[in-house]
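Text of the file input33.pdb, holding PDB, C-alpha atoms:
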```pdb
ATOM      1  CA  MET Y   1     -38.638   7.009  24.318
ATOM      2  CA  ALA Y   2     -35.345   5.261  25.012
ATOM      3  CA  ASN Y   3     -36.339   2.482  22.609
ATOM      4  CA  TYR Y   4     -36.495   4.982  19.758
ATOM      5  CA  LEU Y   5     -33.123   6.619  20.450
ATOM      6  CA  PRO Y   6     -31.181   4.404  17.979
ATOM      7  CA  ILE Y   7     -33.754   5.175  15.284
ATOM      8  CA  PHE Y   8     -33.417   8.929  15.866
ATOM      9  CA  ILE Y   9     -29.620   8.674  15.787
ATOM     10  CA  TYR Y  10     -29.796   6.715  12.534
ATOM     11  CA  LEU Y  11     -32.243   9.261  11.075
ATOM     12  CA  ILE Y  12     -29.917  12.137  11.982
ATOM     13  CA  ALA Y  13     -26.960  10.269  10.456
ATOM     14  CA  VAL Y  14     -28.863   9.619   7.205
ATOM     15  CA  ILE Y  15     -30.037  13.233   6.912
ATOM     16  CA  GLY Y  16     -26.528  14.471   7.730
ATOM     17  CA  PHE Y  17     -24.966  12.192   5.118
ATOM     18  CA  ALA Y  18     -27.471  13.339   2.486
ATOM     19  CA  ALA Y  19     -26.882  17.013   3.327
ATOM     20  CA  VAL Y  20     -23.104  16.641   3.219
ATOM     21  CA  SER Y  21     -23.303  14.677  -0.053
ATOM     22  CA  LEU Y  22     -25.384  17.418  -1.658
ATOM     23  CA  LEU Y  23     -23.535  20.456  -0.284
ATOM     24  CA  LEU Y  24     -19.904  19.301  -0.432
ATOM     25  CA  PRO Y  25     -19.618  19.292  -4.253
ATOM     26  CA  HIS Y  26     -20.872  22.888  -4.358
ATOM     27  CA  ILE Y  27     -18.181  23.938  -1.893
ATOM     28  CA  VAL Y  28     -15.220  21.907  -3.213
ATOM     29  CA  ALA Y  29     -15.853  21.609  -6.977
ATOM     30  CA  PRO Y  30     -14.068  23.960  -9.394
ATOM     31  CA  ARG Y  31     -16.275  26.535 -11.101
ATOM     32  CA  LYS Y  32     -14.372  27.233 -14.310
ATOM     33  CA  ARG Y  33     -16.864  27.364 -17.197
ATOM     34  CA  THR Y  34     -15.643  26.601 -20.694
ATOM     35  CA  ARG Y  35     -17.336  26.334 -24.070
ATOM     36  CA  VAL Y  36     -16.708  22.582 -24.198
ATOM     37  CA  LYS Y  37     -18.259  22.019 -20.766
ATOM     38  CA  GLY Y  38     -21.321  24.034 -21.739
ATOM     39  CA  ALA Y  39     -21.875  22.154 -25.009
ATOM     40  CA  PRO Y  40     -24.599  19.497 -25.141
ATOM     41  CA  TYR Y  41     -23.321  15.942 -25.013
ATOM     42  CA  GLU Y  42     -25.155  12.767 -25.951
ATOM     43  CA  SER Y  43     -23.642   9.307 -26.332
ATOM     44  CA  GLY Y  44     -20.222  10.662 -27.242
ATOM     45  CA  MET Y  45     -21.463  12.544 -30.323
ATOM     46  CA  ASP Y  46     -22.438  16.119 -30.971
ATOM     47  CA  PRO Y  47     -26.212  16.429 -31.352
ATOM     48  CA  ILE Y  48     -27.516  17.045 -34.856
ATOM     49  CA  GLY Y  49     -30.696  19.013 -35.418
ATOM     50  CA  ASP Y  50     -33.387  19.931 -32.933
ATOM     51  CA  THR Y  51     -33.604  17.659 -29.907
ATOM     52  CA  ARG Y  52     -37.113  18.765 -28.996
ATOM     53  CA  LYS Y  53     -38.980  16.869 -31.699
ATOM     54  CA  PRO Y  54     -42.172  15.227 -30.418
ATOM     55  CA  PHE Y  55     -42.466  11.460 -30.548
ATOM     56  CA  ASP Y  56     -45.027   9.833 -32.784
ATOM     57  CA  VAL Y  57     -48.203   8.683 -31.029
ATOM     58  CA  LYS Y  58     -47.519   5.101 -32.151
ATOM     59  CA  PHE Y  59     -44.468   5.051 -29.894
ATOM     60  CA  TYR Y  60     -46.709   5.673 -26.884
ATOM     61  CA  LEU Y  61     -49.239   3.070 -28.047
ATOM     62  CA  ILE Y  62     -46.518   0.438 -28.298
ATOM     63  CA  ALA Y  63     -45.220   1.476 -24.870
ATOM     64  CA  ILE Y  64     -48.694   1.074 -23.355
ATOM     65  CA  LEU Y  65     -49.142  -2.330 -25.002
ATOM     66  CA  PHE Y  66     -45.765  -3.379 -23.624
ATOM     67  CA  LEU Y  67     -46.839  -2.326 -20.130
ATOM     68  CA  VAL Y  68     -50.100  -4.255 -20.503
ATOM     69  CA  PHE Y  69     -48.086  -7.322 -21.501
ATOM     70  CA  ASP Y  70     -45.868  -6.903 -18.424
ATOM     71  CA  VAL Y  71     -48.867  -6.579 -16.137
ATOM     72  CA  GLU Y  72     -50.339  -9.681 -17.745
ATOM     73  CA  LEU Y  73     -47.203 -11.616 -16.857
ATOM     74  CA  LEU Y  74     -47.304 -10.244 -13.320
ATOM     75  CA  PHE Y  75     -50.801 -11.663 -12.931
ATOM     76  CA  MET Y  76     -49.984 -15.005 -14.549
ATOM     77  CA  TYR Y  77     -46.865 -15.833 -12.530
ATOM     78  CA  PRO Y  78     -48.554 -16.129  -9.084
ATOM     79  CA  TRP Y  79     -51.321 -18.235 -10.599
ATOM     80  CA  ALA Y  80     -48.813 -20.629 -12.128
ATOM     81  CA  VAL Y  81     -46.820 -20.909  -8.915
ATOM     82  CA  SER Y  82     -49.879 -21.394  -6.725
ATOM     83  CA  LEU Y  83     -51.363 -24.003  -9.067
ATOM     84  CA  LEU Y  84     -48.221 -26.127  -9.007
ATOM     85  CA  ALA Y  85     -47.426 -25.730  -5.311
ATOM     86  CA  PRO Y  86     -48.706 -28.573  -3.117
ATOM     87  CA  ASP Y  87     -49.915 -26.121  -0.440
ATOM     88  CA  GLY Y  88     -51.183 -23.542  -2.968
ATOM     89  CA  VAL Y  89     -54.663 -23.585  -4.468
ATOM     90  CA  PRO Y  90     -56.764 -26.563  -3.305
ATOM     91  CA  LYS Y  91     -57.491 -29.116  -6.023
ATOM     92  CA  ILE Y  92     -61.194 -28.341  -6.017
ATOM     93  CA  PHE Y  93     -60.563 -24.681  -6.998
ATOM     94  CA  ARG Y  94     -57.920 -25.295  -9.658
ATOM     95  CA  PRO Y  95     -60.380 -25.526 -12.586
ATOM     96  CA  ALA Y  96     -61.945 -22.199 -11.571
ATOM     97  CA  VAL Y  97     -58.533 -20.556 -11.304
ATOM     98  CA  LEU Y  98     -57.585 -21.871 -14.737
ATOM     99  CA  GLU Y  99     -60.859 -20.558 -16.181
ATOM    100  CA  VAL Y 100     -60.136 -17.089 -14.815
ATOM    101  CA  LEU Y 101     -56.621 -17.280 -16.255
ATOM    102  CA  PHE Y 102     -57.976 -18.268 -19.669
ATOM    103  CA  VAL Y 103     -60.502 -15.409 -19.549
ATOM    104  CA  LEU Y 104     -57.638 -12.986 -18.841
ATOM    105  CA  ILE Y 105     -55.542 -14.381 -21.691
ATOM    106  CA  ALA Y 106     -58.525 -14.310 -24.083
ATOM    107  CA  THR Y 107     -59.326 -10.703 -23.151
ATOM    108  CA  LEU Y 108     -55.748  -9.615 -23.743
ATOM    109  CA  ALA Y 109     -55.551 -11.566 -27.000
ATOM    110  CA  LEU Y 110     -58.718  -9.814 -28.151
ATOM    111  CA  ALA Y 111     -57.211  -6.451 -27.197
ATOM    112  CA  TYR Y 112     -54.061  -7.237 -29.194
ATOM    113  CA  MET Y 113     -56.147  -8.310 -32.214
ATOM    114  CA  VAL Y 114     -58.124  -5.059 -32.072
ATOM    115  CA  ALA Y 115     -54.878  -3.085 -31.825
ATOM    116  CA  TYR Y 116     -53.474  -5.016 -34.786
ATOM    117  CA  ARG Y 117     -56.585  -4.338 -36.899
ATOM    118  CA  LYS Y 118     -56.402  -0.634 -36.023
ATOM    119  CA  GLY Y 119     -52.809  -0.570 -37.329
ATOM    120  CA  VAL Y 120     -51.043   0.145 -34.058
ATOM    121  CA  PHE Y 121     -48.222  -2.268 -34.894
ATOM    122  CA  ASP Y 122     -47.732  -0.941 -38.451
ATOM    123  CA  TRP Y 123     -45.044   1.723 -38.128
ATOM    124  CA  ARG Y 124     -44.749   2.523 -41.840
ATOM    125  CA  ARG Y 125     -48.394   3.454 -42.396
ATOM    126  CA  LYS Y 126     -49.154   7.156 -42.033
TER     127      LYS Y 126
END
```
Once more with this new file: its structure as structure tokens, please.
Amino acid sequence: MANYLPIFIYLIAVIGFAAVSLLLPHIVAPRKRTRVKGAPYESGMDPIGDTRKPFDVKFYLIAILFLVFDVELLFMYPWAVSLLAPDGVPKIFRPAVLEVLFVLIATLALAYMVAYRKGVFDWRRK
């Protein structure tokens, strides 16, 4: 139990710091409410119109395609590093690894072509 004493002390210090950081502004901060403080504020300009308009579905489709592209890069980077590293993938397995990489790229290219044909990238079309 003595080995864990520094960890418990650190845990108490972290929880105490978090509690003080959250409670101190409520105790010390002024509470004077004004019309200017209660007004909505966005990027230094007064908001115009309703801010609760729903986004178009195409926005979400582009966001999902962007995430797929990021995940694709996350999968490709370790393959590239391990293929070029001398102690990475053995030479006998490198063709198989490249084939798997090309299958991944071809699958994603096919997915992008299908999305393009469906009009996902065309923002002006209704």
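What the PyMOL selection byres ((chain Y and resi 72-75) around 12) matches in the given file is Leu65, Phe66, Leu67, Val68, Phe69, Asp70, Val71, Met76, Tyr77, Pro78, Trp79, Ala80, Val81, Ser82, Val97, Val100, Leu101, Phe102, Val103, Leu104, Ile105, Ala106, Thr107, Leu108 and Ala109 of chain Y.
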Against segment 111-123 of chain Y, which residues of segment 50-102 of chain Y fall within 9 Å? For each one I want the closest pair of atoms and the distance in Å (one decimal), counting only C-alpha atoms, rows by chain and increasing residue number, as CSV.
```
residue,atom,partner,partner_atom,distance
Y:Lys58,CA,Y:Val120,CA,6.4
Y:Phe59,CA,Y:Trp123,CA,8.9
Y:Leu61,CA,Y:Val120,CA,6.9
Y:Ile62,CA,Y:Phe121,CA,7.3
Y:Leu65,CA,Y:Tyr112,CA,8.1
```
Serialized selection, C-alpha atoms, as a compact mmCIF listing (two decimals), in the coordinates of the input:
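In the end it all went to again-v8.txt:
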```txt
# COMPACT_ATOMS: atom_id res chain seq x y z
CA LYS Y 58 -47.52 5.10 -32.15
CA PHE Y 59 -44.47 5.05 -29.89
CA LEU Y 61 -49.24 3.07 -28.05
CA ILE Y 62 -46.52 0.44 -28.30
CA LEU Y 65 -49.14 -2.33 -25.00
```
Where is the centre and how long are the edges: axis-aligned box on segment 9-16 of chain Y, 8 Å on each side, Å to one decimal, as lines of an AutoDock Vina configuration file:
```
center_x = -29.4
center_y = 10.6
center_z = 11.3
size_x = 21.7
size_y = 23.8
size_z = 24.9
```
